[in-house]
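Enquirer: I am attaching a structure below and will ask some questions about it afterwards.
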Amino acid sequence: DAGVTQSPTHLIKTRGQHVTLRCSPISGHKSVSWYQQVLGQGPQFIFQYYEKEERGRGNFPDRFSARQFPNYSSELNVNALLLGDSALYLCASSFDRERDQPQHFGDGTRLSIL
Amino acid sequence: GQNIDQPTEMTATEGAIVQINCTYQTSGFNGLFWYQQHAGEAPTFLSYNVLDGLEEKGRFSSFLSRSKGYSYLLLKELQMKDSASYLCAVRSFDRGSTLGRLYFGRGTQLTVWP
């Protein structure tokens with residue numbers, strides 16, 4: 001079975017541009033979460049979606065937005081990019097009632113802002 | 001808020017045993033996860049504890065004490081390939097939500113020497 005897939009794997013942008021990152025969850029998983037991981041830090045929660053609705057949001061500015069599609073795939077959008085947005089962006093999927101099941105991560109998109 | 005602490009770095013030699021500690025302060029606690037992350041790769045799930053006690057999975061074991069807000073990951077018979085960052089993550093259910101979100105520590109970089 002395919003795991004969580006993310007695209008693109010690497011991306012280089014300049015300040016002020018916008019970016020769209022994509023994620024396909026594991027088949028059967030309805031919940032998708034997005035994380036930002038800056039070098040040397042643990043992942044930080046950005047968003048969680050379930051059944052196309054936002055179910056949680058971390059402490060990120062409104063420049064960050066996301067959505068989930070009927071097939072449970074998801075997009076993360078970041079506008080007006082800043083140098084500090086350079087990071088590894090991770091997508092994780094899980095079942096809805098994840099009481100004893102872990103989130104499974106994709107390989108991430110490494111975003112570099114010049 | 002959520003506060004998760006773990007050591008930044010640890011070193012050990014092949015064949016040895018190493019214990020990585022994690023302390024946390026959180027509300028709505030619903031489980032603690034350990035992930036392994038090799039450089040440039042996605043975090044991969046290692047273990048999960050929701051009740052007090054020890055969970056053993058081959059060379060890896062994880063312990064949880066909810067009253068003390070404490071967990072550890074024990075790695076036995078260390079191998080060179082175990083050199084990686086080990087992330088402690090607490091799942092917390094925010095008020096009114098049935099979906100838990102993960103809060104990660106900074107990660108412990110383990111280096112295994114021959």
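Letters for chains follow the order of the structure tokens (A, B, ...), residue numbers begin at 1 for each chain, and ligand numbers begin at 1 in the order shown.
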Enumerate, in order of chain and increasing residue number, the residues of chain A with an atom no farther than 9 Å from chain B, each with its shortest atom pair and distance in Å to one decimal, counting only C-alpha atoms, as CSV.

Expert:
residue,atom,partner,partner_atom,distance
A:Ser31,CA,B:Leu99,CA,8.7
A:Ser33,CA,B:Arg101,CA,8.3
A:Gly40,CA,B:Arg106,CA,7.1
A:Gln41,CA,B:Arg106,CA,4.6
A:Gly42,CA,B:Arg106,CA,4.2
A:Pro43,CA,B:Phe104,CA,6.0
A:Gln44,CA,B:Phe104,CA,6.8
A:Phe45,CA,B:Tyr103,CA,7.0
A:Gln48,CA,B:Arg101,CA,7.7
A:Tyr50,CA,B:Leu99,CA,8.5
A:Arg55,CA,B:Leu99,CA,7.3
A:Gly56,CA,B:Arg101,CA,7.8
A:Leu88,CA,B:Gly40,CA,8.7
A:Leu90,CA,B:Ala42,CA,7.5
A:Asp96,CA,B:Leu99,CA,6.9
A:Arg97,CA,B:Leu99,CA,7.0
A:Glu98,CA,B:Leu99,CA,7.5
A:Arg99,CA,B:Asn30,CA,7.7
A:Asp100,CA,B:Tyr48,CA,7.6
A:Gln101,CA,B:Tyr48,CA,8.2
A:Pro102,CA,B:Phe45,CA,7.0
A:Gln103,CA,B:Phe45,CA,7.9
A:His104,CA,B:Phe45,CA,7.1
A:Phe105,CA,B:Ala42,CA,6.1
A:Gly106,CA,B:Ala42,CA,6.0
A:Asp107,CA,B:Ala42,CA,4.6
A:Gly108,CA,B:Ala42,CA,6.4
A:Arg110,CA,B:Gly40,CA,8.9

Enquirer: Set the distance at 6 Å and use only C-alpha atoms: which residues neighbour A:Glu75 once local chain neighbours fewer than 2 positions away are removed? I'd like the list as a list in words.

Expert: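 After dropping sequence-adjacent residues, the list is Leu21, Arg22, Ala66 and Arg67 of chain A.
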
Enquirer: Write the selection just made, keeping N, CA and C atoms, as a compact mmCIF listing (two decimals), in the first residue's frame?

Expert:
# COMPACT_ATOMS: atom_id res chain seq x y z
N LEU A 21 1.54 23.38 -1.68
CA LEU A 21 2.09 22.05 -1.42
C LEU A 21 0.94 21.05 -1.38
N ARG A 22 1.21 19.85 -1.87
CA ARG A 22 0.15 18.86 -2.00
C ARG A 22 0.45 17.59 -1.23
N ALA A 66 -5.18 26.16 4.09
CA ALA A 66 -5.19 24.79 3.58
C ALA A 66 -6.62 24.40 3.24
N ARG A 67 -6.72 23.29 2.56
CA ARG A 67 -8.03 22.74 2.30
C ARG A 67 -7.90 21.25 2.04

Enquirer: Would you please work out which residue, of A:Arg63, A:Leu39, A:Leu76, A:Ala87, is nearest to A:Gly16 when using only C-alpha atoms?

Expert: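 Nearest candidate to A:Gly16 out of A:Arg63, A:Leu39, A:Leu76, A:Ala87: A:Arg63.
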
Enquirer: Rank nothing, just name the residue among A:Thr109, A:Thr14, A:Asn71, A:Asn79 nearest to A:Ser27, using only C-alpha atoms.

Expert: A:Asn71

Enquirer: Near B:Ser71, within 12 Å and counting only C-alpha atoms, which residues show up once chain neighbours fewer than 2 positions away are dropped, as number ranges by chain?

Expert: B: 4-6, 19-25, 31-34, 47-55, 61-69, 73-74, 87-90

Enquirer: Next, the residues of the selection above should be written as an mmCIF file, in the first residue's frame with C-alpha atoms.

Expert:
data_model
loop_
_atom_site.group_PDB
_atom_site.id
_atom_site.type_symbol
_atom_site.label_atom_id
_atom_site.label_comp_id
_atom_site.auth_asym_id
_atom_site.auth_seq_id
_atom_site.Cartn_x
_atom_site.Cartn_y
_atom_site.Cartn_z
ATOM 1 C CA ILE B 4 7.803 18.976 25.918
ATOM 2 C CA ASP B 5 11.449 18.616 26.887
ATOM 3 C CA GLN B 6 14.061 16.138 25.757
ATOM 4 C CA GLN B 19 17.709 5.761 27.289
ATOM 5 C CA ILE B 20 16.200 8.965 25.886
ATOM 6 C CA ASN B 21 14.034 10.833 28.354
ATOM 7 C CA CYS B 22 11.082 13.075 27.673
ATOM 8 C CA THR B 23 9.137 15.201 30.122
ATOM 9 C CA TYR B 24 5.928 16.966 29.280
ATOM 10 C CA GLN B 25 3.342 19.355 30.630
ATOM 11 C CA GLY B 31 -1.067 9.373 24.403
ATOM 12 C CA LEU B 32 2.639 9.751 23.836
ATOM 13 C CA PHE B 33 4.441 8.771 20.665
ATOM 14 C CA TRP B 34 8.065 8.265 19.771
ATOM 15 C CA SER B 47 6.063 3.379 19.729
ATOM 16 C CA TYR B 48 2.933 4.549 21.491
ATOM 17 C CA ASN B 49 1.973 4.701 25.175
ATOM 18 C CA VAL B 50 -1.349 5.836 26.565
ATOM 19 C CA LEU B 51 -1.363 3.890 29.860
ATOM 20 C CA ASP B 52 1.389 3.795 32.460
ATOM 21 C CA GLY B 53 4.006 1.165 31.994
ATOM 22 C CA LEU B 54 6.414 -0.310 29.541
ATOM 23 C CA GLU B 55 5.742 -1.188 25.906
ATOM 24 C CA SER B 61 10.922 -0.087 24.489
ATOM 25 C CA SER B 62 8.990 2.930 25.697
ATOM 26 C CA PHE B 63 7.822 3.782 29.188
ATOM 27 C CA LEU B 64 5.181 6.210 30.394
ATOM 28 C CA SER B 65 4.314 7.684 33.779
ATOM 29 C CA ARG B 66 1.329 10.000 33.406
ATOM 30 C CA SER B 67 1.443 11.197 36.998
ATOM 31 C CA LYS B 68 5.034 12.353 36.528
ATOM 32 C CA GLY B 69 4.615 13.605 32.969
ATOM 33 C CA LEU B 73 12.613 5.447 24.903
ATOM 34 C CA LEU B 74 15.052 2.614 25.486
ATOM 35 C CA LEU B 87 11.145 12.812 18.574
ATOM 36 C CA CYS B 88 8.851 12.670 21.574
ATOM 37 C CA ALA B 89 5.298 13.735 20.703
ATOM 38 C CA VAL B 90 2.282 14.172 22.943
#

Enquirer: Using DSSP assignments from the backbone, pull out every residue in chain B that falls under strand (DSSP E or B) and give it to me as JSON, numbers by chain.

Expert: {"B": [3, 4, 5, 9, 10, 11, 12, 13, 18, 19, 20, 21, 22, 23, 24, 25, 29, 30, 31, 32, 33, 34, 35, 36, 37, 44, 45, 46, 47, 48, 49, 53, 54, 55, 56, 57, 60, 61, 62, 63, 64, 65, 70, 71, 72, 73, 74, 75, 84, 85, 86, 87, 88, 89, 90, 91, 92, 93, 100, 101, 102, 103, 104, 108, 109, 110, 111, 112, 113]}

Enquirer: Interatomic distance between atom CA of A:Val78 and atom CA of A:Tyr49?

Expert: 16.4 Å

Enquirer: Restricting the calculation to only C-alpha atoms: of A:Glu54, A:His10, A:Asn59, A:Ser73, which residue gets closest to A:Ala92?

Expert: A:Ser73

Enquirer: Could you jot down the atom CA of B:Thr11 to atom CA of A:Ser86 separation for me, Å, one decimal place?

Expert: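 According to the coordinates, atom CA of B:Thr11 and atom CA of A:Ser86 are separated by 28.9 Å.
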
Enquirer: Looking at B:Leu78, B:Phe29, B:His38, B:Tyr72, which one is nearest to B:Gly58, with distances taken over only C-alpha atoms?

Expert: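 Nearest candidate to B:Gly58 out of B:Leu78, B:Phe29, B:His38, B:Tyr72: B:Leu78.
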
Enquirer: Measuring atom to atom with only C-alpha atoms, identify which of A:Tyr35, A:Thr5, A:Pro25, A:Leu82 is nearest to A:Arg57.

Expert: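 Ranking A:Tyr35, A:Thr5, A:Pro25, A:Leu82 by distance to A:Arg57, first place goes to A:Tyr35.
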
Enquirer: Could you please determine the separation between atom CA of A:Gly3 and atom CA of A:Gln68 in Å, to one decimal place?

Expert: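 Between atom CA of A:Gly3 and atom CA of A:Gln68 the gap works out to 17.5 Å.
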